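**Q** What follows is the file work-v4.pdb, containing PDB, C-alpha atoms, pLDDT in the B column:
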ATOM      1  CA  MET A  61       0.000   0.000   0.000  1.00 85.00           C
ATOM      2  CA  PRO A  62       1.364   3.457  -0.910  1.00 85.00           C
ATOM      3  CA  GLN A  63       2.481   5.721   1.902  1.00 91.00           C
ATOM      4  CA  ARG A  64      -0.094   8.324   2.862  1.00 94.00           C
ATOM      5  CA  ARG A  65       0.798  11.907   1.976  1.00 93.00           C
ATOM      6  CA  THR A  66      -0.898  15.154   2.842  1.00 96.00           C
ATOM      7  CA  ILE A  67      -2.177  17.446   0.124  1.00 96.00           C
ATOM      8  CA  ASP A  68       0.628  19.880   0.944  1.00 96.00           C
ATOM      9  CA  GLU A  69       3.160  17.103   0.317  1.00 96.00           C
ATOM     10  CA  LEU A  70       1.471  16.117  -2.959  1.00 94.00           C
ATOM     11  CA  LEU A  71       1.443  19.740  -4.079  1.00 96.00           C
ATOM     12  CA  ALA A  72       5.116  20.228  -3.234  1.00 97.00           C
ATOM     13  CA  GLN A  73       6.023  17.032  -5.082  1.00 95.00           C
ATOM     14  CA  ALA A  74       4.023  18.090  -8.140  1.00 96.00           C
ATOM     15  CA  ARG A  75       5.676  21.504  -8.213  1.00 97.00           C
ATOM     16  CA  GLU A  76       9.196  20.036  -8.090  1.00 97.00           C
ATOM     17  CA  SER A  77       8.905  19.106 -11.759  1.00 95.00           C
ATOM     18  CA  LEU A  78       7.174  22.290 -12.939  1.00 97.00           C
ATOM     19  CA  ALA A  79       8.749  25.430 -14.363  1.00 97.00           C
ATOM     20  CA  ARG A  80       5.790  27.490 -13.148  1.00 98.00           C
ATOM     21  CA  VAL A  81       5.049  30.748 -14.965  1.00 98.00           C
ATOM     22  CA  GLU A  82       3.825  34.119 -13.786  1.00 98.00           C
ATOM     23  CA  PRO A  83       0.869  35.736 -15.594  1.00 98.00           C
ATOM     24  CA  GLN A  84       2.914  37.947 -17.956  1.00 98.00           C
ATOM     25  CA  GLU A  85       5.189  35.006 -18.777  1.00 98.00           C
ATOM     26  CA  ALA A  86       2.108  32.952 -19.625  1.00 98.00           C
ATOM     27  CA  ARG A  87       0.779  35.670 -21.906  1.00 98.00           C
ATOM     28  CA  ASP A  88       4.143  35.939 -23.661  1.00 98.00           C
ATOM     29  CA  ALA A  89       4.311  32.152 -24.010  1.00 98.00           C
ATOM     30  CA  MET A  90       0.840  32.140 -25.591  1.00 98.00           C
ATOM     31  CA  GLY A  91       2.161  34.616 -28.141  1.00 97.00           C
ATOM     32  CA  ASP A  92       4.909  32.110 -28.914  1.00 97.00           C
ATOM     33  CA  GLY A  93       2.450  29.224 -29.399  1.00 97.00           C
ATOM     34  CA  ALA A  94       1.900  27.896 -25.888  1.00 98.00           C
ATOM     35  CA  LEU A  95      -1.547  26.579 -25.077  1.00 98.00           C
ATOM     36  CA  LEU A  96      -3.270  27.925 -21.965  1.00 98.00           C
ATOM     37  CA  ILE A  97      -5.773  25.387 -20.638  1.00 98.00           C
ATOM     38  CA  ASP A  98      -8.422  26.707 -18.265  1.00 98.00           C
ATOM     39  CA  ILE A  99      -9.677  23.998 -15.887  1.00 98.00           C
ATOM     40  CA  ARG A 100     -11.911  26.222 -13.741  1.00 98.00           C
ATOM     41  CA  SER A 101     -15.528  25.308 -13.168  1.00 96.00           C
ATOM     42  CA  GLU A 102     -18.261  26.708 -15.368  1.00 95.00           C
ATOM     43  CA  SER A 103     -19.548  28.754 -12.438  1.00 96.00           C
ATOM     44  CA  GLN A 104     -16.114  30.340 -11.879  1.00 97.00           C
ATOM     45  CA  ARG A 105     -15.843  31.152 -15.559  1.00 97.00           C
ATOM     46  CA  ALA A 106     -19.348  32.654 -15.615  1.00 96.00           C
ATOM     47  CA  ALA A 107     -18.641  34.774 -12.529  1.00 96.00           C
ATOM     48  CA  ASP A 108     -15.132  35.984 -13.361  1.00 97.00           C
ATOM     49  CA  GLY A 109     -14.747  35.725 -17.125  1.00 97.00           C
ATOM     50  CA  VAL A 110     -12.257  33.933 -19.328  1.00 98.00           C
ATOM     51  CA  VAL A 111      -8.803  34.467 -20.777  1.00 98.00           C
ATOM     52  CA  PRO A 112      -9.071  35.135 -24.516  1.00 97.00           C
ATOM     53  CA  GLY A 113      -7.302  32.393 -26.451  1.00 97.00           C
ATOM     54  CA  ALA A 114      -7.398  29.854 -23.631  1.00 98.00           C
ATOM     55  CA  VAL A 115      -8.947  26.440 -24.205  1.00 98.00           C
ATOM     56  CA  TRP A 116     -11.380  25.191 -21.585  1.00 98.00           C
ATOM     57  CA  PHE A 117     -11.524  21.591 -20.449  1.00 98.00           C
ATOM     58  CA  ALA A 118     -13.420  20.617 -17.332  1.00 96.00           C
ATOM     59  CA  ARG A 119     -10.967  19.201 -14.815  1.00 96.00           C
ATOM     60  CA  ASN A 120     -12.686  15.817 -14.789  1.00 96.00           C
ATOM     61  CA  VAL A 121     -11.977  15.277 -18.511  1.00 97.00           C
ATOM     62  CA  LEU A 122      -8.627  17.053 -18.891  1.00 98.00           C
ATOM     63  CA  GLU A 123      -6.439  13.967 -19.330  1.00 98.00           C
ATOM     64  CA  TRP A 124      -8.763  12.455 -21.945  1.00 98.00           C
ATOM     65  CA  ARG A 125      -8.833  15.685 -23.983  1.00 98.00           C
ATOM     66  CA  VAL A 126      -5.048  16.094 -24.086  1.00 98.00           C
ATOM     67  CA  ASP A 127      -3.848  12.497 -24.519  1.00 97.00           C
ATOM     68  CA  PRO A 128      -3.257  11.895 -28.253  1.00 96.00           C
ATOM     69  CA  GLU A 129      -4.090   8.206 -27.734  1.00 96.00           C
ATOM     70  CA  SER A 130      -7.530   8.961 -26.277  1.00 97.00           C
ATOM     71  CA  GLU A 131     -10.693   8.728 -28.360  1.00 97.00           C
ATOM     72  CA  ALA A 132     -11.733  12.011 -26.701  1.00 97.00           C
ATOM     73  CA  TYR A 133      -8.517  13.816 -27.731  1.00 98.00           C
ATOM     74  CA  ASP A 134      -8.991  17.450 -28.780  1.00 98.00           C
ATOM     75  CA  GLU A 135      -6.904  18.403 -31.829  1.00 97.00           C
ATOM     76  CA  ARG A 136      -6.421  21.939 -30.494  1.00 97.00           C
ATOM     77  CA  VAL A 137      -3.909  20.557 -27.994  1.00 98.00           C
ATOM     78  CA  GLY A 138      -1.290  19.669 -30.584  1.00 95.00           C
ATOM     79  CA  GLY A 139       1.632  17.362 -29.909  1.00 92.00           C
ATOM     80  CA  LEU A 140       3.295  16.184 -26.748  1.00 97.00           C
ATOM     81  CA  ASP A 141       6.106  18.674 -27.333  1.00 96.00           C
ATOM     82  CA  ARG A 142       3.775  21.683 -27.081  1.00 97.00           C
ATOM     83  CA  HIS A 143       4.239  24.100 -24.209  1.00 98.00           C
ATOM     84  CA  VAL A 144       1.055  23.646 -22.172  1.00 98.00           C
ATOM     85  CA  ILE A 145       0.141  25.922 -19.265  1.00 98.00           C
ATOM     86  CA  VAL A 146      -2.682  24.832 -16.978  1.00 98.00           C
ATOM     87  CA  MET A 147      -4.725  27.510 -15.214  1.00 98.00           C
ATOM     88  CA  CYS A 148      -7.146  27.029 -12.341  1.00 98.00           C
ATOM     89  CA  ASP A 149      -8.623  29.734 -10.123  1.00 98.00           C
ATOM     90  CA  GLY A 150      -5.827  30.135  -7.577  1.00 97.00           C
ATOM     91  CA  GLY A 151      -2.849  28.103  -8.789  1.00 96.00           C
ATOM     92  CA  TYR A 152      -3.179  24.946  -6.719  1.00 97.00           C
ATOM     93  CA  GLN A 153      -5.318  22.472  -8.658  1.00 97.00           C
ATOM     94  CA  SER A 154      -3.419  23.443 -11.803  1.00 98.00           C
ATOM     95  CA  SER A 155      -0.107  22.299 -10.297  1.00 98.00           C
ATOM     96  CA  LEU A 156      -1.488  18.818  -9.679  1.00 98.00           C
ATOM     97  CA  ALA A 157      -3.022  18.727 -13.158  1.00 98.00           C
ATOM     98  CA  ALA A 158       0.173  19.905 -14.879  1.00 98.00           C
ATOM     99  CA  ALA A 159       2.217  17.229 -13.097  1.00 98.00           C
ATOM    100  CA  THR A 160      -0.248  14.639 -14.390  1.00 97.00           C
ATOM    101  CA  LEU A 161       0.149  16.005 -17.930  1.00 98.00           C
ATOM    102  CA  GLN A 162       3.904  15.539 -17.582  1.00 98.00           C
ATOM    103  CA  GLN A 163       3.249  11.889 -16.730  1.00 97.00           C
ATOM    104  CA  LEU A 164       1.228  11.653 -19.958  1.00 97.00           C
ATOM    105  CA  GLY A 165       4.291  12.829 -21.888  1.00 98.00           C
ATOM    106  CA  PHE A 166       3.891  16.616 -22.016  1.00 98.00           C
ATOM    107  CA  SER A 167       7.422  17.425 -20.866  1.00 96.00           C
ATOM    108  CA  ARG A 168       6.758  21.174 -21.168  1.00 97.00           C
ATOM    109  CA  ALA A 169       3.533  21.140 -19.155  1.00 98.00           C
ATOM    110  CA  THR A 170       3.390  23.614 -16.295  1.00 98.00           C
ATOM    111  CA  ASP A 171       0.934  25.877 -14.544  1.00 98.00           C
ATOM    112  CA  LEU A 172       0.144  29.514 -13.904  1.00 98.00           C
ATOM    113  CA  VAL A 173       1.291  30.835 -10.531  1.00 98.00           C
ATOM    114  CA  GLY A 174      -1.767  32.283  -8.773  1.00 98.00           C
ATOM    115  CA  GLY A 175      -4.142  31.024 -11.469  1.00 98.00           C
ATOM    116  CA  PHE A 176      -6.856  33.144 -13.038  1.00 98.00           C
ATOM    117  CA  GLN A 177      -6.962  35.470 -10.047  1.00 98.00           C
ATOM    118  CA  ALA A 178      -3.311  36.425 -10.587  1.00 98.00           C
ATOM    119  CA  TRP A 179      -3.899  36.839 -14.336  1.00 98.00           C
ATOM    120  CA  ARG A 180      -6.764  39.251 -13.699  1.00 98.00           C
ATOM    121  CA  ASP A 181      -4.907  41.073 -10.908  1.00 98.00           C
ATOM    122  CA  ALA A 182      -1.980  41.616 -13.326  1.00 98.00           C
ATOM    123  CA  GLY A 183      -4.362  43.564 -15.583  1.00 98.00           C
ATOM    124  CA  LEU A 184      -4.150  41.042 -18.395  1.00 98.00           C
ATOM    125  CA  PRO A 185      -7.071  40.576 -20.824  1.00 97.00           C
ATOM    126  CA  VAL A 186     -10.270  39.010 -19.513  1.00 98.00           C
ATOM    127  CA  ALA A 187     -13.491  38.569 -21.470  1.00 97.00           C
ATOM    128  CA  PRO A 188     -17.000  37.597 -20.414  1.00 96.00           C
ATOM    129  CA  ALA A 189     -17.687  33.868 -20.572  1.00 93.00           C
ATOM    130  CA  ALA A 190     -19.770  32.839 -23.570  1.00 83.00           C
ATOM    131  CA  ASP A 191     -23.312  31.794 -22.720  1.00 63.00           C
TER
END
Translate the structure of the given file into structure tokens.

**A**
Amino acid sequence: MPQRRTIDELLAQARESLARVEPQEARDAMGDGALLIDIRSESQRAADGVVPGAVWFARNVLEWRVDPESEAYDERVGGLDRHVIVMCDGGYQSSLAAATLQQLGFSRATDLVGGFQAWRDAGLPVAPAAD
């Protein structure tokens, strides 16, 4: 049986492999072809808005949408060599998700420090969520 770990330990372990990016770095990376994946809930997106150009996948289907071997793969993701930045609301859930994407073969997967809240607080573009 695996050794029990706390969520803080899991988060720290996940972040060891990530080259986490700040909001402006994420925006610049998007300009260079990186894919920003928003994994926030629909209610968070409706309340706070969305990042233009980001792709949204619900957290519970993320791995199936990005894995090229999955029948549910989304072509917008591109190849395993693509720089993928995962964004949640506050920068915690995204770290765990990005570490999982690395296990799927996305060696350049990482996450956005501070999540959507940091993006918005940095004054970067936000648009209303589509109905």

**Q** Expand the PyMOL selection byres ((chain A and resi 113) around 12) into the individual residues it matches in the shown file, reporting them as a list in words.

**A**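 Here the PyMOL selection byres ((chain A and resi 113) around 12) matches Ala86, Arg87, Ala89, Met90, Gly91, Gly93, Ala94, Leu95, Leu96, Ile97, Asp98, Val110, Val111, Pro112, Ala114, Val115, Trp116, Arg136, Pro185, Val186 and Ala187 of chain A.
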
**Q** Using all atoms listed in the file for the distances, tell me which of A:Gly139, A:Val173, A:Asp149, A:Leu156 is nearest to Ala72 in chain A.

**A**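 Counting all atoms listed in the file, the residue closest to Ala72 in chain A is A:Leu156.
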
**Q** Please compute the CA of Met147 in chain A-CA of Glu131 in chain A distance, one decimal, in Å.

**A**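 The value is 23.7 Å.
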
**Q** Given the PyMOL selection byres ((chain A and resi 81-85) around 12) and the file above, list the residues it selects as a VMD selection string.

**A** chain A and resid 75 78 to 80 86 to 92 94 96 111 143 to 147 150 to 151 154 to 155 158 168 to 185

**Q** Output C-alpha atoms of each residue in that selection to a file, as an mmCIF file, in the coordinates of the input.

**A**
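Listing of out30.cif after writing:
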data_model
loop_
_atom_site.group_PDB
_atom_site.id
_atom_site.type_symbol
_atom_site.label_atom_id
_atom_site.label_comp_id
_atom_site.auth_asym_id
_atom_site.auth_seq_id
_atom_site.Cartn_x
_atom_site.Cartn_y
_atom_site.Cartn_z
ATOM 1 C CA ARG A 75 5.676 21.504 -8.213
ATOM 2 C CA LEU A 78 7.174 22.290 -12.939
ATOM 3 C CA ALA A 79 8.749 25.430 -14.363
ATOM 4 C CA ARG A 80 5.790 27.490 -13.148
ATOM 5 C CA ALA A 86 2.108 32.952 -19.625
ATOM 6 C CA ARG A 87 0.779 35.670 -21.906
ATOM 7 C CA ASP A 88 4.143 35.939 -23.661
ATOM 8 C CA ALA A 89 4.311 32.152 -24.010
ATOM 9 C CA MET A 90 0.840 32.140 -25.591
ATOM 10 C CA GLY A 91 2.161 34.616 -28.141
ATOM 11 C CA ASP A 92 4.909 32.110 -28.914
ATOM 12 C CA ALA A 94 1.900 27.896 -25.888
ATOM 13 C CA LEU A 96 -3.270 27.925 -21.965
ATOM 14 C CA VAL A 111 -8.803 34.467 -20.777
ATOM 15 C CA HIS A 143 4.239 24.100 -24.209
ATOM 16 C CA VAL A 144 1.055 23.646 -22.172
ATOM 17 C CA ILE A 145 0.141 25.922 -19.265
ATOM 18 C CA VAL A 146 -2.682 24.832 -16.978
ATOM 19 C CA MET A 147 -4.725 27.510 -15.214
ATOM 20 C CA GLY A 150 -5.827 30.135 -7.577
ATOM 21 C CA GLY A 151 -2.849 28.103 -8.789
ATOM 22 C CA SER A 154 -3.419 23.443 -11.803
ATOM 23 C CA SER A 155 -0.107 22.299 -10.297
ATOM 24 C CA ALA A 158 0.173 19.905 -14.879
ATOM 25 C CA ARG A 168 6.758 21.174 -21.168
ATOM 26 C CA ALA A 169 3.533 21.140 -19.155
ATOM 27 C CA THR A 170 3.390 23.614 -16.295
ATOM 28 C CA ASP A 171 0.934 25.877 -14.544
ATOM 29 C CA LEU A 172 0.144 29.514 -13.904
ATOM 30 C CA VAL A 173 1.291 30.835 -10.531
ATOM 31 C CA GLY A 174 -1.767 32.283 -8.773
ATOM 32 C CA GLY A 175 -4.142 31.024 -11.469
ATOM 33 C CA PHE A 176 -6.856 33.144 -13.038
ATOM 34 C CA GLN A 177 -6.962 35.470 -10.047
ATOM 35 C CA ALA A 178 -3.311 36.425 -10.587
ATOM 36 C CA TRP A 179 -3.899 36.839 -14.336
ATOM 37 C CA ARG A 180 -6.764 39.251 -13.699
ATOM 38 C CA ASP A 181 -4.907 41.073 -10.908
ATOM 39 C CA ALA A 182 -1.980 41.616 -13.326
ATOM 40 C CA GLY A 183 -4.362 43.564 -15.583
ATOM 41 C CA LEU A 184 -4.150 41.042 -18.395
ATOM 42 C CA PRO A 185 -7.071 40.576 -20.824
#

**Q** Leaving out Ser167 in chain A and any residue of its chain fewer than 4 positions from it, which residues lie within 8 Å of it when counting all atoms listed in the file, given as a list in words?

**A**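 The filter keeps Leu140, Asp141, Leu161 and Gln162 of chain A.
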
**Q** Counting only C-alpha atoms, which residue out of A:Asp134, A:Glu123, A:Asp68, A:Glu102 sits closest to Gln163 in chain A?

**A**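 The closest residue to Gln163 in chain A is A:Glu123.
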
**Q** Please write out, as JSON, where the centre of an axis-aligned box around all listed atoms of range 155-163 of chain A lies and how long its edges are, in Å to one decimal, after adding 4 Å on each side.

**A**
{"center_x": 0.4, "center_y": 17.1, "center_z": -13.8, "size_x": 14.9, "size_y": 18.4, "size_z": 16.3}

**Q** When distances are computed from only C-alpha atoms, which of A:Ala190, A:Gln63, A:Arg142, A:Leu70 shows the smallest separation from Ala157 in chain A?

**A**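 Looking at the shortest contact to Ala157 in chain A, the residue is A:Leu70.
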
**Q** Between CA of Arg119 in chain A and CA of Leu164 in chain A, what is the distance in Å, rounded to a tenth?

**A**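 Result for CA of Arg119 in chain A versus CA of Leu164 in chain A: 15.2 Å, one decimal.
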
**Q** Please indicate the distance in Å from CA of Pro128 in chain A to CA of Ala159 in chain A, rounded to one decimal place.

**A**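 According to the coordinates, CA of Pro128 in chain A and CA of Ala159 in chain A are separated by 17.0 Å.
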
**Q** Ranking A:Glu69, A:Thr160, A:Phe166, A:Pro62 by minimum distance to Gly138 in chain A and counting all atoms listed in the file, which one comes first?

**A**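 The closest residue to Gly138 in chain A is A:Phe166.
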
**Q** With distances taken over only C-alpha atoms, which residue among A:Ala107, A:Ile67, A:Ala74, A:Ile99 lies nearest Pro188 in chain A?

**A**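 Among the listed residues, A:Ala107 lies closest to Pro188 in chain A.
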
**Q** What's around Val121 in chain A at 10 Å? Count all atoms listed in the file, leave out sequence neighbours fewer than 3 positions away in its own chain, and write the answer as an MDAnalysis selection string.

**A** chainID A and resid 99 117:118 124:126 132:133
